[in-house]
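**Student:** Below is one structure. I have some questions about it.
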There are 2 protein chains.
Amino acid sequence: MSDLPQRIDVQEEGPREGFQFEKGPISTERKIELIDALSETGLGEIQVGSYVNPKRVPGWADVENVVSGIARREGVRYTALWLNERGLERALAAEGLFLKGSIGTSASETFMKLNQNRGYADNEKVQHNQIALYKEHGITYFRGSMMAAFGCNFEGDVPIAKVIEQAESIRRIADENDVKVDILSLADTMAWATPESVKQVVGAVRDRWPDWRITLHLHDTRGLGVANAYAGLQMGVDSFDSSVAGLGGCPFAGHKGAAGNVCTEDLVFMCQEMGIDTGIDLEALLDAARLAEDVVGHDLPGSVKRGGSLNTLRKKLH
Amino acid sequence: MSDLPQRIDVQEEGPREGFQFEKGPISTERKIELIDALSETGLGEIQVGSYVNPKRVPGWADVENVVSGIARREGVRYTALWLNERGLERALAAEGLFLKGSIGTSASETFMKLNQNRGYADNEKVQHNQIALYKEHGITYFRGSMMAAFGCNFEGDVPIAKVIEQAESIRRIADENDVKVDILSLADTMAWATPESVKQVVGAVRDRWPDWRITLHLHDTRGLGVANAYAGLQMGVDSFDSSVAGLGGCPFAGHKGAAGNVCTEDLVFMCQEMGIDTGIDLEALLDAARLAEDVVGHDLPGSVKRGGSLNTLRKKLH
């Protein structure tokens, strides 16, 4: 019937994106409560914090306390975000984090300049320096990360050739530093993707590098997040970033309507109903999604937490 | 790349579903204002009211005044809903409505019993009587309509064989009355469909009757509406019911989380971005979606009205 994968990995980014984005204040205890609930759902990976400048991102001023306070569950990778050397050092000081090296770029140089204040040439130097730092600290897992892979609010449509060029750049930088890029993240940072463009971009990368694992990071600003994820599944993509209850938003996307990542429980529901294993207990995840709404104090976008799962209905019928 | 249709028809059901569902009260003038705005968007068909019992559906007690008050635009089909002979007579008394005959059934007999208080045997008799009435009034366009074609909150999963059996029943009833069923509506009344089940059900119907046009009616209760529509497009389906801003909900679906039809502007946005012609001016439709929120007095689910269209961004860049 189709080339859908039998199993996918979900990287939960809701806590990191949500607590960065929400006005709050949200107490450290409640952040920990949500992450601990997520740990019990079967999720294999949870991004639990952001080691960033507390003046710029006050929602993560307590990242050290959150990361030390969560109950570590075996089999769950706890990851974190940082944007520079100082952030990495803080993350290295934490216990029990799985630190991923990153080789980052953007399919839109304009977005990179606006977002990170550097162009491609400067970015290459930064990436080389960061890899040296990762290696120095014994980090061996590397993720290639390409922002704006499907379009850019400041540059418009992104040609597929640009995505291939930047993917080549990631591989070249890795080669020059003698590291291997385990997975390539294609991010629809500003929600320009459609199901067809997901197929085209993923297909082009796959044609060029058939063995390179791809993960998708799909923002849901224009309501196509789940459809885009389905298109990715049809292309055999078996790894997705997502956000419980649809927590978060992109403060750098250039307009206030920007939504968070595709909603974890809606994605998991779709996969479960299509026979794709996620390893996740949907009912526990729905409880966590409702808890997320309670923690942030307002409604969040996800649908299944309102509509309910079908297995709940099936059980009632038997 | 794919079998996507070059062009689709969209049947706008937002006003009919929304004003039935919303607690209101919403004035007749504001209902007319929204419908008139929708008439200017390029939509080819708008369901503008429901000739039902005003005691049961107070939101449509003013259907006669709404239907006589709207500004008819050439090229737009204005349709309406009725559930019995009395409703049809009221619709016949209105000027300028396009009346569609319907041959209705449900893939779940349990749902039909709960929703319409009759089983398959009684329903057949009702359908025969209604066709006689349609013919008497010169109605020649017939839509086969199958509720719960993808699953049922009261019966569970629906086997594809059941869908085929009920589609056969629709065709047999039509044949016995010497009428032709122009289009078959497969309704995911209670939001059980996934993209894969849409493909399977549509594929099975198409295999059996390759020339029978199919239209999809997809509720968005579990967040898969747009993904399900994309799966339909991939199967060559070129006709969809939808609801501006996601207005509406199904009061008969058995739980209060039931959402409305797939959101018109999100569907149109996806199609436009994938090069599928809808004949609709997305910007005008987004204005109508925002007007719909103003008319009902609260936020509605659609995403693109918040996120904005990409063509708006493209224009700013050039």
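Within each chain, counting starts at residue 1; across the structure tokens, chains are named A, B, ... in the order shown, with ligands numbered 1 upward in that order.
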Would you list the contacts of A:Met235 as a ChimeraX atom specification, taking every protein, DNA or RNA residue within 7 Å and counting only C-alpha atoms, but skipping same-chain residues closer than 4 positions in sequence?
**Tutor:** /A:3,199,231
**Student:** Counting only C-alpha atoms, what is within 9 Å of A:Asp277, bar same-chain residues fewer than 2 positions away, as a list in words?
**Tutor:**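 The filter keeps Pro5, Gln6, Arg7, Ile8, Asp9, Val268, Cys271, Gln272, Met274, Gly275, Gly279 and Ile280 of chain A.
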**Student:** Check every residue of chain B for an atom within 8 Å of chain A, counting only C-alpha atoms, and provide those that qualify as a PDB file with C-alpha atoms, in the first residue's frame.
**Tutor:**
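What landed in out-v9.pdb:
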ATOM      1  CA  ASN B 153     -18.264   6.404  17.643  1.00  0.00           C
ATOM      2  CA  PHE B 154     -21.042   3.890  18.342  1.00  0.00           C
ATOM      3  CA  GLU B 155     -20.027   0.997  16.093  1.00  0.00           C
ATOM      4  CA  GLY B 156     -16.244   1.386  15.905  1.00  0.00           C
ATOM      5  CA  TRP B 192     -12.206   8.366  12.351  1.00  0.00           C
ATOM      6  CA  THR B 194      -6.591   8.737   8.611  1.00  0.00           C
ATOM      7  CA  PRO B 195      -4.787   9.568   5.382  1.00  0.00           C
ATOM      8  CA  GLU B 196      -4.239   5.851   4.808  1.00  0.00           C
ATOM      9  CA  SER B 197      -7.875   4.911   5.390  1.00  0.00           C
ATOM     10  CA  THR B 221     -12.034  16.631  15.416  1.00  0.00           C
ATOM     11  CA  ARG B 222      -8.675  14.863  15.690  1.00  0.00           C
ATOM     12  CA  GLY B 223      -6.551  17.283  13.709  1.00  0.00           C
ATOM     13  CA  LEU B 224      -6.188  15.105  10.610  1.00  0.00           C
ATOM     14  CA  VAL B 226      -6.095  18.630   6.094  1.00  0.00           C
ATOM     15  CA  ALA B 227      -3.898  15.513   5.958  1.00  0.00           C
ATOM     16  CA  ASN B 228      -6.967  13.445   5.064  1.00  0.00           C
ATOM     17  CA  TYR B 230      -4.307  15.635   0.991  1.00  0.00           C
ATOM     18  CA  HIS B 255     -19.044  14.120  22.380  1.00  0.00           C
ATOM     19  CA  LYS B 256     -18.503  17.802  22.831  1.00  0.00           C
ATOM     20  CA  GLY B 257     -14.986  17.877  21.416  1.00  0.00           C
ATOM     21  CA  ALA B 258     -16.366  17.280  17.908  1.00  0.00           C
ATOM     22  CA  ALA B 259     -14.979  19.898  15.545  1.00  0.00           C
ATOM     23  CA  ASP B 266      -6.428  26.051   5.095  1.00  0.00           C
ATOM     24  CA  MET B 270      -2.618  24.020   0.631  1.00  0.00           C
ATOM     25  CA  GLU B 273       0.605  26.281  -2.825  1.00  0.00           C
ATOM     26  CA  MET B 274       0.615  22.899  -4.567  1.00  0.00           C
ATOM     27  CA  GLY B 302      -8.403  27.848  11.044  1.00  0.00           C
ATOM     28  CA  SER B 303      -4.645  28.457  10.965  1.00  0.00           C
ATOM     29  CA  VAL B 304      -3.904  30.480   7.811  1.00  0.00           C
ATOM     30  CA  ARG B 306      -3.627  33.741  11.850  1.00  0.00           C
ATOM     31  CA  GLY B 307      -0.416  32.734  10.072  1.00  0.00           C
ATOM     32  CA  GLY B 308      -1.175  34.660   6.882  1.00  0.00           C
ATOM     33  CA  SER B 309      -0.804  33.480   3.306  1.00  0.00           C
ATOM     34  CA  LEU B 310       2.561  33.014   1.655  1.00  0.00           C
ATOM     35  CA  LEU B 313       4.788  37.529   2.053  1.00  0.00           C
ATOM     36  CA  ARG B 314       5.961  36.955  -1.515  1.00  0.00           C
ATOM     37  CA  LEU B 317       9.505  40.649  -1.012  1.00  0.00           C
TER      38      LEU B 317
END
**Student:** Give me, as a short mmCIF file (atom, residue, chain, number, x, y, z; two decimals) with C-alpha atoms, in the first residue's frame, all polymer residues having an atom no more than 9 Å from A:Tyr120, counting only C-alpha atoms and skipping those fewer than 6 positions away in the same chain.
**Tutor:**
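Just written: part-v5.cif:
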data_model
loop_
_atom_site.label_atom_id
_atom_site.label_comp_id
_atom_site.auth_asym_id
_atom_site.auth_seq_id
_atom_site.Cartn_x
_atom_site.Cartn_y
_atom_site.Cartn_z
CA THR A 105 23.15 26.15 8.47
CA SER A 106 20.14 27.70 6.79
CA GLU A 109 21.34 33.12 4.10
CA MET A 112 20.75 33.32 9.01
CA LYS A 113 21.96 36.92 8.89
#
**Student:** Per DSSP on the backbone, what are the strand (DSSP E or B) residues of stretch 156-259 of chain A, as a list in words?
**Tutor:**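 Residues of stretch 156-259 of chain A classed as strand (DSSP E or B): Gly156, Ile183, Leu184, Ser185, Leu186, Ala187, Asp188, Arg213, Ile214, Thr215, Leu216, His217, Leu218, His219, Ser239, Phe240, Asp241, Ser242 and Ser243 of chain A.
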**Student:** Need the shell around A:Glu124: protein/DNA/RNA residues with any atom at most 10 Å away, counting only C-alpha atoms. Skip same-chain ones fewer than 4 positions apart. Format as a list in words?
**Tutor:**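 Contacts, with the query itself left out: Ile103, Gly104, Thr105, Arg118, Gly119, Tyr120, His128, Asn129, Gln130, Ser169, Ile170 and Ile173 of chain A.
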**Student:** What's the 9 Å shell around stretch 18-28 of chain B, counting only C-alpha atoms, without same-chain residues fewer than 5 positions away, as a PyMOL selection string?
**Tutor:** chain B and resi 13+33+49-50+57-60+62-63+65-66+69+243+246-251+260+295-297
**Student:** Within stretch 154-274 of chain B, find each residue whose DSSP state, derived from the backbone, is alpha helix (DSSP H), and express the selection as a ChimeraX atom specification.
**Tutor:** /B:160-176,195-208,225-234,264-273
**Student:** Between atom CA of A:Leu282 and atom CA of A:Val244, what is the distance in Å, rounded to a tenth?
**Tutor:**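 It comes out at 11.3 Å.
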**Student:** If you count only C-alpha atoms, which residues fall within 7 Å of B:Val10, apart from same-chain ones fewer than 2 positions away, as number ranges by chain?
**Tutor:** B: 8, 12, 43-45, 239-242
